[in-house]
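Visitor: Pasting final_0.cif below, which is mmCIF, C-alpha atoms; chains and numbers go by the auth columns.
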```cif
data_run
#
loop_
_atom_site.group_PDB
_atom_site.id
_atom_site.type_symbol
_atom_site.label_atom_id
_atom_site.label_comp_id
_atom_site.label_asym_id
_atom_site.label_seq_id
_atom_site.Cartn_x
_atom_site.Cartn_y
_atom_site.Cartn_z
_atom_site.B_iso_or_equiv
_atom_site.auth_seq_id
_atom_site.auth_asym_id
ATOM 1 C CA SER A 1 7.358 -26.367 -41.814 0.00 1 A
ATOM 2 C CA ASP A 2 5.044 -29.038 -43.221 0.00 2 A
ATOM 3 C CA VAL A 3 3.585 -26.532 -45.685 0.00 3 A
ATOM 4 C CA SER A 4 7.079 -25.436 -46.755 0.00 4 A
ATOM 5 C CA ILE A 5 8.161 -29.022 -47.345 0.00 5 A
ATOM 6 C CA ARG A 6 5.066 -29.694 -49.455 0.00 6 A
ATOM 7 C CA VAL A 7 5.578 -26.492 -51.464 0.00 7 A
ATOM 8 C CA ILE A 8 9.210 -27.409 -52.123 0.00 8 A
ATOM 9 C CA ALA A 9 8.330 -30.980 -53.169 0.00 9 A
ATOM 10 C CA ASP A 10 5.471 -29.930 -55.445 0.00 10 A
ATOM 11 C CA HIS A 11 7.312 -26.986 -57.003 0.00 11 A
ATOM 12 C CA SER A 12 10.490 -29.043 -57.543 0.00 12 A
ATOM 13 C CA ARG A 13 8.489 -31.595 -59.486 0.00 13 A
ATOM 14 C CA ALA A 14 6.747 -28.904 -61.565 0.00 14 A
ATOM 15 C CA SER A 15 10.023 -27.086 -62.278 0.00 15 A
ATOM 16 C CA THR A 16 11.809 -30.270 -63.304 0.00 16 A
ATOM 17 C CA PHE A 17 9.074 -31.247 -65.754 0.00 17 A
ATOM 18 C CA LEU A 18 8.669 -27.753 -67.203 0.00 18 A
ATOM 19 C CA ILE A 19 12.384 -27.301 -67.853 0.00 19 A
ATOM 20 C CA SER A 20 12.626 -30.830 -69.227 0.00 20 A
ATOM 21 C CA ASP A 21 9.840 -29.876 -71.659 0.00 21 A
ATOM 22 C CA GLY A 22 11.860 -26.865 -72.834 0.00 22 A
ATOM 23 C CA VAL A 23 10.404 -24.054 -70.711 0.00 23 A
ATOM 24 C CA LEU A 24 13.057 -21.710 -69.327 0.00 24 A
ATOM 25 C CA PRO A 25 12.654 -19.077 -66.590 0.00 25 A
ATOM 26 C CA SER A 26 11.779 -15.685 -68.056 0.00 26 A
ATOM 27 C CA ASN A 27 9.590 -12.655 -67.491 0.00 27 A
ATOM 28 C CA GLU A 28 6.859 -13.739 -69.904 0.00 28 A
ATOM 29 C CA GLY A 29 4.362 -16.540 -70.432 0.00 29 A
ATOM 30 C CA ARG A 30 5.176 -20.046 -69.272 0.00 30 A
ATOM 31 C CA GLY A 31 8.696 -18.976 -68.358 0.00 31 A
ATOM 32 C CA TYR A 32 7.256 -16.438 -65.941 0.00 32 A
ATOM 33 C CA VAL A 33 5.064 -19.089 -64.328 0.00 33 A
ATOM 34 C CA LEU A 34 8.127 -21.334 -63.986 0.00 34 A
ATOM 35 C CA ARG A 35 10.158 -18.531 -62.421 0.00 35 A
ATOM 36 C CA ARG A 36 7.400 -17.810 -59.899 0.00 36 A
ATOM 37 C CA ILE A 37 7.076 -21.495 -58.999 0.00 37 A
ATOM 38 C CA MET A 38 10.827 -21.822 -58.485 0.00 38 A
ATOM 39 C CA ARG A 39 11.129 -18.615 -56.480 0.00 39 A
ATOM 40 C CA ARG A 40 8.285 -19.589 -54.192 0.00 40 A
ATOM 41 C CA ALA A 41 9.979 -22.927 -53.465 0.00 41 A
ATOM 42 C CA MET A 42 13.299 -21.157 -52.858 0.00 42 A
ATOM 43 C CA ARG A 43 11.657 -18.776 -50.421 0.00 43 A
ATOM 44 C CA HIS A 44 10.137 -21.685 -48.510 0.00 44 A
ATOM 45 C CA GLY A 45 13.612 -23.206 -48.335 0.00 45 A
ATOM 46 C CA LYS A 46 14.872 -19.970 -46.783 0.00 46 A
ATOM 47 C CA MET A 47 12.003 -20.145 -44.286 0.00 47 A
ATOM 48 C CA LEU A 48 13.270 -23.604 -43.297 0.00 48 A
ATOM 49 C CA GLY A 49 16.767 -22.184 -42.782 0.00 49 A
ATOM 50 C CA ILE A 50 18.313 -23.427 -46.026 0.00 50 A
ATOM 51 C CA GLU A 51 20.760 -20.746 -47.118 0.00 51 A
ATOM 52 C CA GLU A 52 22.561 -22.368 -50.075 0.00 52 A
ATOM 53 C CA PRO A 53 21.040 -23.366 -53.414 0.00 53 A
ATOM 54 C CA PHE A 54 19.133 -26.613 -52.859 0.00 54 A
ATOM 55 C CA LEU A 55 16.340 -26.871 -55.399 0.00 55 A
ATOM 56 C CA TYR A 56 18.636 -28.095 -58.172 0.00 56 A
ATOM 57 C CA ARG A 57 19.576 -31.101 -56.020 0.00 57 A
ATOM 58 C CA ILE A 58 15.950 -31.930 -55.380 0.00 58 A
ATOM 59 C CA SER A 59 15.352 -31.985 -59.135 0.00 59 A
ATOM 60 C CA GLY A 60 17.793 -34.910 -59.278 0.00 60 A
ATOM 61 C CA LYS A 61 15.599 -36.762 -56.799 0.00 61 A
ATOM 62 C CA VAL A 62 12.539 -36.010 -58.947 0.00 62 A
ATOM 63 C CA VAL A 63 14.317 -37.527 -61.941 0.00 63 A
ATOM 64 C CA GLU A 64 15.323 -40.573 -59.885 0.00 64 A
ATOM 65 C CA LEU A 65 11.748 -41.154 -58.686 0.00 65 A
ATOM 66 C CA MET A 66 9.991 -40.447 -62.002 0.00 66 A
ATOM 67 C CA GLN A 67 12.432 -41.798 -64.605 0.00 67 A
ATOM 68 C CA GLU A 68 10.679 -45.124 -65.034 0.00 68 A
ATOM 69 C CA ALA A 69 7.454 -43.463 -66.180 0.00 69 A
ATOM 70 C CA TYR A 70 9.263 -40.535 -67.849 0.00 70 A
ATOM 71 C CA PRO A 71 12.621 -41.763 -69.211 0.00 71 A
ATOM 72 C CA GLU A 72 13.166 -38.454 -71.059 0.00 72 A
ATOM 73 C CA LEU A 73 13.845 -36.846 -67.685 0.00 73 A
ATOM 74 C CA ARG A 74 17.173 -38.686 -67.514 0.00 74 A
ATOM 75 C CA GLU A 75 18.207 -37.144 -70.849 0.00 75 A
ATOM 76 C CA THR A 76 17.595 -33.575 -69.647 0.00 76 A
ATOM 77 C CA GLU A 77 18.737 -33.998 -66.036 0.00 77 A
ATOM 78 C CA VAL A 78 21.984 -32.023 -66.398 0.00 78 A
ATOM 79 C CA LEU A 79 20.268 -29.141 -68.211 0.00 79 A
ATOM 80 C CA VAL A 80 17.459 -29.022 -65.636 0.00 80 A
ATOM 81 C CA SER A 81 19.955 -28.954 -62.786 0.00 81 A
ATOM 82 C CA ARG A 82 21.994 -26.135 -64.366 0.00 82 A
ATOM 83 C CA VAL A 83 18.955 -24.001 -65.149 0.00 83 A
ATOM 84 C CA ILE A 84 17.572 -24.368 -61.635 0.00 84 A
ATOM 85 C CA ARG A 85 20.926 -23.661 -60.002 0.00 85 A
ATOM 86 C CA ASN A 86 21.431 -20.546 -62.119 0.00 86 A
ATOM 87 C CA GLU A 87 17.972 -19.275 -61.211 0.00 87 A
ATOM 88 C CA GLU A 88 18.590 -19.994 -57.525 0.00 88 A
ATOM 89 C CA GLU A 89 21.812 -17.998 -57.545 0.00 89 A
ATOM 90 C CA ARG A 90 20.177 -15.071 -59.353 0.00 90 A
ATOM 91 C CA PHE A 91 17.184 -15.090 -57.036 0.00 91 A
ATOM 92 C CA ALA A 92 19.375 -15.224 -53.926 0.00 92 A
ATOM 93 C CA GLU A 93 20.728 -11.800 -54.877 0.00 93 A
ATOM 94 C CA THR A 94 17.237 -10.441 -55.591 0.00 94 A
ATOM 95 C CA LEU A 95 15.788 -11.919 -52.426 0.00 95 A
ATOM 96 C CA GLY A 96 18.617 -10.606 -50.258 0.00 96 A
ATOM 97 C CA ALA A 97 18.353 -7.014 -51.460 0.00 97 A
ATOM 98 C CA GLY A 98 14.565 -7.001 -51.513 0.00 98 A
ATOM 99 C CA MET A 99 14.195 -8.654 -48.099 0.00 99 A
ATOM 100 C CA LYS A 100 16.546 -6.110 -46.539 0.00 100 A
ATOM 101 C CA LEU A 101 14.475 -3.214 -47.824 0.00 101 A
ATOM 102 C CA LEU A 102 11.202 -4.940 -46.949 0.00 102 A
ATOM 103 C CA ARG A 103 12.373 -5.712 -43.388 0.00 103 A
ATOM 104 C CA GLU A 104 13.307 -2.053 -42.922 0.00 104 A
ATOM 105 C CA GLU A 105 9.906 -0.993 -44.195 0.00 105 A
ATOM 106 C CA LEU A 106 8.102 -3.535 -41.968 0.00 106 A
ATOM 107 C CA GLU A 107 9.973 -2.187 -38.951 0.00 107 A
ATOM 108 C CA LYS A 108 8.976 1.353 -39.891 0.00 108 A
ATOM 109 C CA MET A 109 5.348 0.218 -40.298 0.00 109 A
ATOM 110 C CA ARG A 110 5.375 -1.401 -36.839 0.00 110 A
ATOM 111 C CA LYS A 111 6.665 1.808 -35.261 0.00 111 A
ATOM 112 C CA GLU A 112 4.051 3.873 -37.072 0.00 112 A
ATOM 113 C CA GLU A 113 1.402 1.201 -36.407 0.00 113 A
ATOM 114 C CA THR A 114 0.570 1.040 -40.105 0.00 114 A
ATOM 115 C CA LYS A 115 -1.116 -2.103 -41.454 0.00 115 A
ATOM 116 C CA VAL A 116 -0.868 -1.420 -45.204 0.00 116 A
ATOM 117 C CA LEU A 117 2.326 -1.390 -47.258 0.00 117 A
ATOM 118 C CA SER A 118 2.167 1.473 -49.742 0.00 118 A
ATOM 119 C CA GLY A 119 1.822 0.736 -53.427 0.00 119 A
ATOM 120 C CA ASP A 120 4.862 2.967 -53.990 0.00 120 A
ATOM 121 C CA MET A 121 7.052 0.745 -51.802 0.00 121 A
ATOM 122 C CA ALA A 122 5.706 -2.466 -53.344 0.00 122 A
ATOM 123 C CA PHE A 123 6.431 -1.027 -56.789 0.00 123 A
ATOM 124 C CA ARG A 124 9.919 0.040 -55.758 0.00 124 A
ATOM 125 C CA LEU A 125 10.642 -3.501 -54.540 0.00 125 A
ATOM 126 C CA TYR A 126 9.309 -4.865 -57.833 0.00 126 A
ATOM 127 C CA ASP A 127 10.853 -2.365 -60.218 0.00 127 A
ATOM 128 C CA THR A 128 14.225 -1.740 -58.583 0.00 128 A
ATOM 129 C CA PHE A 129 14.973 -5.124 -57.020 0.00 129 A
ATOM 130 C CA GLY A 130 12.897 -7.485 -59.168 0.00 130 A
ATOM 131 C CA PHE A 131 11.063 -8.558 -56.028 0.00 131 A
ATOM 132 C CA PRO A 132 7.842 -10.309 -57.131 0.00 132 A
ATOM 133 C CA LEU A 133 4.584 -8.704 -55.995 0.00 133 A
ATOM 134 C CA ASP A 134 3.068 -12.048 -54.997 0.00 134 A
ATOM 135 C CA LEU A 135 6.050 -12.702 -52.750 0.00 135 A
ATOM 136 C CA THR A 136 5.650 -9.283 -51.123 0.00 136 A
ATOM 137 C CA GLY A 137 1.969 -10.046 -50.581 0.00 137 A
ATOM 138 C CA GLU A 138 2.739 -13.443 -49.086 0.00 138 A
ATOM 139 C CA ILE A 139 5.251 -11.981 -46.618 0.00 139 A
ATOM 140 C CA LEU A 140 2.826 -9.242 -45.623 0.00 140 A
ATOM 141 C CA GLN A 141 0.056 -11.776 -45.091 0.00 141 A
ATOM 142 C CA GLU A 142 2.313 -13.809 -42.790 0.00 142 A
ATOM 143 C CA GLU A 143 2.884 -10.615 -40.778 0.00 143 A
ATOM 144 C CA GLY A 144 -0.846 -9.847 -40.607 0.00 144 A
ATOM 145 C CA LEU A 145 -0.430 -6.873 -42.953 0.00 145 A
ATOM 146 C CA THR A 146 -1.844 -5.967 -46.349 0.00 146 A
ATOM 147 C CA LEU A 147 -0.710 -4.346 -49.569 0.00 147 A
ATOM 148 C CA ASP A 148 -2.055 -1.274 -51.359 0.00 148 A
ATOM 149 C CA GLU A 149 -2.587 -3.116 -54.643 0.00 149 A
ATOM 150 C CA GLU A 150 -4.406 -0.181 -56.209 0.00 150 A
ATOM 151 C CA GLY A 151 -1.405 2.052 -55.505 0.00 151 A
ATOM 152 C CA PHE A 152 0.891 -0.591 -56.994 0.00 152 A
ATOM 153 C CA ARG A 153 -1.223 -0.822 -60.155 0.00 153 A
ATOM 154 C CA ALA A 154 -1.199 2.993 -60.466 0.00 154 A
ATOM 155 C CA GLN A 155 2.619 2.999 -60.269 0.00 155 A
ATOM 156 C CA MET A 156 2.746 0.188 -62.850 0.00 156 A
ATOM 157 C CA GLU A 157 0.529 2.154 -65.223 0.00 157 A
ATOM 158 C CA GLN A 158 2.652 5.263 -64.750 0.00 158 A
ATOM 159 C CA GLN A 159 5.748 3.213 -65.633 0.00 159 A
ATOM 160 C CA ARG A 160 4.051 1.870 -68.762 0.00 160 A
ATOM 161 C CA LEU A 161 3.145 5.399 -69.851 0.00 161 A
ATOM 162 C CA LYS A 162 6.727 6.589 -69.350 0.00 162 A
ATOM 163 C CA SER A 163 7.971 3.632 -71.330 0.00 163 A
ATOM 164 C CA ARG A 164 5.573 4.336 -74.217 0.00 164 A
ATOM 165 C CA GLN A 165 6.565 8.017 -74.239 0.00 165 A
ATOM 166 C CA SER A 166 10.248 7.183 -74.411 0.00 166 A
ATOM 167 C CA TRP A 167 9.573 4.913 -77.394 0.00 167 A
ATOM 168 C CA GLN A 168 7.702 7.696 -79.156 0.00 168 A
ATOM 169 C CA GLY A 169 10.900 9.730 -79.040 0.00 169 A
ATOM 170 C CA ILE A 170 12.559 7.258 -81.375 0.00 170 A
ATOM 171 C CA GLY A 171 9.494 6.624 -83.531 0.00 171 A
ATOM 172 C CA GLU A 172 9.304 6.763 -87.286 0.00 172 A
ATOM 173 C CA GLY A 173 8.463 10.480 -87.478 0.00 173 A
ATOM 174 C CA LYS A 174 11.479 11.559 -85.432 0.00 174 A
ATOM 175 C CA THR A 175 13.794 9.212 -87.297 0.00 175 A
ATOM 176 C CA LYS A 176 12.742 10.548 -90.702 0.00 176 A
ATOM 177 C CA GLU A 177 13.291 14.109 -89.512 0.00 177 A
ATOM 178 C CA ILE A 178 16.856 13.243 -88.500 0.00 178 A
ATOM 179 C CA TYR A 179 17.566 11.620 -91.875 0.00 179 A
ATOM 180 C CA ARG A 180 16.133 14.646 -93.731 0.00 180 A
ATOM 181 C CA ARG A 181 18.396 16.981 -91.780 0.00 181 A
ATOM 182 C CA LEU A 182 21.455 14.802 -92.432 0.00 182 A
ATOM 183 C CA VAL A 183 20.672 14.689 -96.152 0.00 183 A
ATOM 184 C CA SER A 184 20.117 18.468 -96.272 0.00 184 A
ATOM 185 C CA GLU A 185 23.528 18.918 -94.639 0.00 185 A
ATOM 186 C CA GLY A 186 25.081 16.792 -97.373 0.00 186 A
ATOM 187 C CA ILE A 187 25.556 13.585 -95.375 0.00 187 A
ATOM 188 C CA ARG A 188 24.377 10.476 -97.268 0.00 188 A
ATOM 189 C CA THR A 189 23.310 7.227 -95.584 0.00 189 A
#
```
Hey, can you dump this file as structure tokens for me?
Guide:
Amino acid sequence: SDVSIRVIADHSRASTFLISDGVLPSNEGRGYVLRRIMRRAMRHGKMLGIEEPFLYRISGKVVELMQEAYPELRETEVLVSRVIRNEEERFAETLGAGMKLLREELEKMRKEETKVLSGDMAFRLYDTFGFPLDLTGEILQEEGLTLDEEGFRAQMEQQRLKSRQSWQGIGEGKTKEIYRRLVSEGIRT
């Protein structure tokens, strides 16, 4: 529990400062780092038995403790609190669905005496439920299990290829062909 408390304290401080500086949770760049930091702290809260959103309240304590050195924190306190609360509520849904599937898979692995979670399952958790890979890895490590990272990367690459192929279907060449046909049929754009 000591580790969880330290993670929550450290990540609350980082989240508060990042959001105060204008970084918002997202799937790219600094926003992605922020989201991962927040979600890790939220998971540690769950490990301590905290079921409701809590991180947004801790950000208020960060502001209280740091406002003398960083008075701008007071100006952004309400925004920081709202952003964190919103992310907590969104992640609670993700965590719930992903944890249910992961628990079922862990039980199946125990019965089959398997020590490695398949890359396919890790990708499914990631792609379908938005369950972060690092979180899956952390949970597996706590259980003394490992992750088929190579299999995960292969699934990721396959997804990227599918995505690129679907974009090619609406590329410039296809679009021009459609316009030519419409014009030849007497329809003007």
Visitor: Fewer than 3 positions away in the same chain doesn't count, so skip those; otherwise give me all residues within 12 Å of region 71-75 of chain A, counting all atoms listed in the file, as a tab-separated table (two decimals) with C-alpha atoms, in the coordinates of the input.
Guide:
```
chain	number	residue	atom	x	y	z
A	13	ARG	CA	8.49	-31.60	-59.49
A	15	SER	CA	10.02	-27.09	-62.28
A	16	THR	CA	11.81	-30.27	-63.30
A	17	PHE	CA	9.07	-31.25	-65.75
A	18	LEU	CA	8.67	-27.75	-67.20
A	19	ILE	CA	12.38	-27.30	-67.85
A	20	SER	CA	12.63	-30.83	-69.23
A	21	ASP	CA	9.84	-29.88	-71.66
A	22	GLY	CA	11.86	-26.86	-72.83
A	59	SER	CA	15.35	-31.98	-59.14
A	60	GLY	CA	17.79	-34.91	-59.28
A	61	LYS	CA	15.60	-36.76	-56.80
A	62	VAL	CA	12.54	-36.01	-58.95
A	63	VAL	CA	14.32	-37.53	-61.94
A	64	GLU	CA	15.32	-40.57	-59.88
A	65	LEU	CA	11.75	-41.15	-58.69
A	66	MET	CA	9.99	-40.45	-62.00
A	67	GLN	CA	12.43	-41.80	-64.60
A	68	GLU	CA	10.68	-45.12	-65.03
A	78	VAL	CA	21.98	-32.02	-66.40
A	79	LEU	CA	20.27	-29.14	-68.21
A	80	VAL	CA	17.46	-29.02	-65.64
A	81	SER	CA	19.95	-28.95	-62.79
```
Visitor: Residues around (5.0, -4.8, -47.7), cut-off 7 Å, counting all atoms listed in the file - what are they as a PyMOL selection string?
Guide: chain A and resi 102+106+117+122+136-137+140+147
Visitor: With only C-alpha atoms as the atoms that count, which of A:His11, A:Arg57, A:Arg103, A:Lys115 lies nearest to Arg36 (chain A)?
Guide: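 The shortest atom-to-atom distance to Arg36 (chain A) comes from A:His11.
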Visitor: Out of A:Met99, A:Ile8, A:Val83, A:Leu145, which residue has the shortest atom-to-atom distance to Arg40 (chain A) when counting all atoms listed in the file?
Guide: A:Ile8
Visitor: Residues near Glu150 (chain A), anyone? I mean within 10 Å using only C-alpha atoms, not counting same-chain ones fewer than 5 positions away, as a ChimeraX atom specification.
Guide: /A:118-119,155-156
Visitor: List, as a PDB file with C-alpha atoms, in the coordinates of the input, every residue that the PyMOL selection byres ((chain A and resi 86) around 12) selects in the file provided.
Guide:
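Final file, part.pdb:
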```
ATOM      1  CA  LEU A  24      13.057 -21.710 -69.327  1.00  0.00           C
ATOM      2  CA  PRO A  25      12.654 -19.077 -66.590  1.00  0.00           C
ATOM      3  CA  ARG A  35      10.158 -18.531 -62.421  1.00  0.00           C
ATOM      4  CA  MET A  38      10.827 -21.822 -58.485  1.00  0.00           C
ATOM      5  CA  ARG A  39      11.129 -18.615 -56.480  1.00  0.00           C
ATOM      6  CA  PRO A  53      21.040 -23.366 -53.414  1.00  0.00           C
ATOM      7  CA  PHE A  54      19.133 -26.613 -52.859  1.00  0.00           C
ATOM      8  CA  LEU A  55      16.340 -26.871 -55.399  1.00  0.00           C
ATOM      9  CA  TYR A  56      18.636 -28.095 -58.172  1.00  0.00           C
ATOM     10  CA  LEU A  79      20.268 -29.141 -68.211  1.00  0.00           C
ATOM     11  CA  VAL A  80      17.459 -29.022 -65.636  1.00  0.00           C
ATOM     12  CA  SER A  81      19.955 -28.954 -62.786  1.00  0.00           C
ATOM     13  CA  ARG A  82      21.994 -26.135 -64.366  1.00  0.00           C
ATOM     14  CA  VAL A  83      18.955 -24.001 -65.149  1.00  0.00           C
ATOM     15  CA  ILE A  84      17.572 -24.368 -61.635  1.00  0.00           C
ATOM     16  CA  ARG A  85      20.926 -23.661 -60.002  1.00  0.00           C
ATOM     17  CA  GLU A  87      17.972 -19.275 -61.211  1.00  0.00           C
ATOM     18  CA  GLU A  88      18.590 -19.994 -57.525  1.00  0.00           C
ATOM     19  CA  GLU A  89      21.812 -17.998 -57.545  1.00  0.00           C
ATOM     20  CA  ARG A  90      20.177 -15.071 -59.353  1.00  0.00           C
ATOM     21  CA  PHE A  91      17.184 -15.090 -57.036  1.00  0.00           C
ATOM     22  CA  ALA A  92      19.375 -15.224 -53.926  1.00  0.00           C
ATOM     23  CA  GLU A  93      20.728 -11.800 -54.877  1.00  0.00           C
TER      24      GLU A  93
END
```
Visitor: Any idea what the distance is between CA of Ser4 (chain A) and CA of His44 (chain A)?
Guide: 5.1 Å
Visitor: Kindly resolve the PyMOL selection byres ((chain A and resi 129) around 10) on the present coordinates and return the residues as an MDAnalysis selection string.
Guide: chainID A and resid 93:99 101 123:128 130:132
Visitor: Which distance in Å separates CA of Gly144 (chain A) and CA of Glu51 (chain A), to one decimal?
Guide: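 Calculated distance between CA of Gly144 (chain A) and CA of Glu51 (chain A) is 25.1 Å.
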Visitor: Nearest to Met42 (chain A) among A:Leu135, A:Glu112, A:Glu143, A:Glu107, with distances taken over only C-alpha atoms: which residue is it?
Guide: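 Between A:Leu135, A:Glu112, A:Glu143, A:Glu107, the residue approaching Met42 (chain A) most closely is A:Leu135.
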Visitor: By how many Å are CA of Val3 (chain A) and CA of Val116 (chain A) apart?
Guide: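 Separation of CA of Val3 (chain A) and CA of Val116 (chain A): 25.5 Å.
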Visitor: Find the residue from A:Ser163, A:Gln141, A:Thr146, A:Ser1 that sits nearest to Leu48 (chain A); use all atoms listed in the file when measuring.
Guide: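 The closest residue to Leu48 (chain A) is A:Ser1.
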Visitor: Which residue, A:Ala9, A:Glu104, A:Thr76, A:Ser26, has the smallest gap to Ile58 (chain A) when you use only C-alpha atoms?
Guide: A:Ala9
Visitor: Nearest to Gly49 (chain A) among A:Ile5, A:Ala14, A:Leu161, A:Leu133, with distances taken over all atoms listed in the file: which residue is it?
Guide: A:Ile5
Visitor: Add whatever atoms are absent from region 69-82 of chain A to reach N, CA, C and O atoms, and provide the output as an mmCIF file, in the coordinates of the input.
Guide:
```cif
data_model
loop_
_atom_site.group_PDB
_atom_site.id
_atom_site.type_symbol
_atom_site.label_atom_id
_atom_site.label_comp_id
_atom_site.auth_asym_id
_atom_site.auth_seq_id
_atom_site.Cartn_x
_atom_site.Cartn_y
_atom_site.Cartn_z
ATOM 1 N N ALA A 69 8.627 -43.898 -65.416
ATOM 2 C CA ALA A 69 7.454 -43.463 -66.180
ATOM 3 C C ALA A 69 7.802 -42.417 -67.229
ATOM 4 O O ALA A 69 7.137 -42.304 -68.258
ATOM 5 N N TYR A 70 8.852 -41.632 -66.959
ATOM 6 C CA TYR A 70 9.263 -40.535 -67.849
ATOM 7 C C TYR A 70 10.765 -40.636 -68.129
ATOM 8 O O TYR A 70 11.546 -39.841 -67.604
ATOM 9 N N PRO A 71 11.179 -41.575 -68.968
ATOM 10 C CA PRO A 71 12.621 -41.763 -69.211
ATOM 11 C C PRO A 71 13.316 -40.545 -69.819
ATOM 12 O O PRO A 71 14.523 -40.377 -69.660
ATOM 13 N N GLU A 72 12.563 -39.654 -70.459
ATOM 14 C CA GLU A 72 13.166 -38.454 -71.059
ATOM 15 C C GLU A 72 13.743 -37.523 -69.997
ATOM 16 O O GLU A 72 14.618 -36.709 -70.299
ATOM 17 N N LEU A 73 13.293 -37.668 -68.764
ATOM 18 C CA LEU A 73 13.845 -36.846 -67.685
ATOM 19 C C LEU A 73 15.339 -37.101 -67.499
ATOM 20 O O LEU A 73 16.090 -36.197 -67.181
ATOM 21 N N ARG A 74 15.758 -38.339 -67.682
ATOM 22 C CA ARG A 74 17.173 -38.686 -67.514
ATOM 23 C C ARG A 74 18.017 -37.953 -68.558
ATOM 24 O O ARG A 74 19.130 -37.515 -68.281
ATOM 25 N N GLU A 75 17.476 -37.791 -69.758
ATOM 26 C CA GLU A 75 18.207 -37.144 -70.849
ATOM 27 C C GLU A 75 18.420 -35.644 -70.592
ATOM 28 O O GLU A 75 19.407 -35.077 -71.064
ATOM 29 N N THR A 76 17.514 -35.023 -69.875
ATOM 30 C CA THR A 76 17.595 -33.575 -69.647
ATOM 31 C C THR A 76 18.043 -33.222 -68.232
ATOM 32 O O THR A 76 18.062 -32.048 -67.872
ATOM 33 N N GLU A 77 18.419 -34.211 -67.455
ATOM 34 C CA GLU A 77 18.737 -33.998 -66.036
ATOM 35 C C GLU A 77 19.812 -32.935 -65.812
ATOM 36 O O GLU A 77 19.674 -32.064 -64.940
ATOM 37 N N VAL A 78 20.885 -32.973 -66.584
ATOM 38 C CA VAL A 78 21.984 -32.023 -66.398
ATOM 39 C C VAL A 78 21.519 -30.607 -66.731
ATOM 40 O O VAL A 78 21.787 -29.656 -65.980
ATOM 41 N N LEU A 79 20.786 -30.451 -67.832
ATOM 42 C CA LEU A 79 20.268 -29.141 -68.211
ATOM 43 C C LEU A 79 19.333 -28.609 -67.128
ATOM 44 O O LEU A 79 19.453 -27.452 -66.715
ATOM 45 N N VAL A 80 18.419 -29.428 -66.664
ATOM 46 C CA VAL A 80 17.459 -29.022 -65.636
ATOM 47 C C VAL A 80 18.201 -28.542 -64.395
ATOM 48 O O VAL A 80 17.918 -27.475 -63.843
ATOM 49 N N SER A 81 19.179 -29.298 -63.975
ATOM 50 C CA SER A 81 19.955 -28.954 -62.786
ATOM 51 C C SER A 81 20.666 -27.611 -62.959
ATOM 52 O O SER A 81 20.641 -26.765 -62.057
ATOM 53 N N ARG A 82 21.273 -27.394 -64.112
ATOM 54 C CA ARG A 82 21.994 -26.135 -64.366
ATOM 55 C C ARG A 82 21.047 -24.935 -64.391
ATOM 56 O O ARG A 82 21.354 -23.877 -63.843
#
```
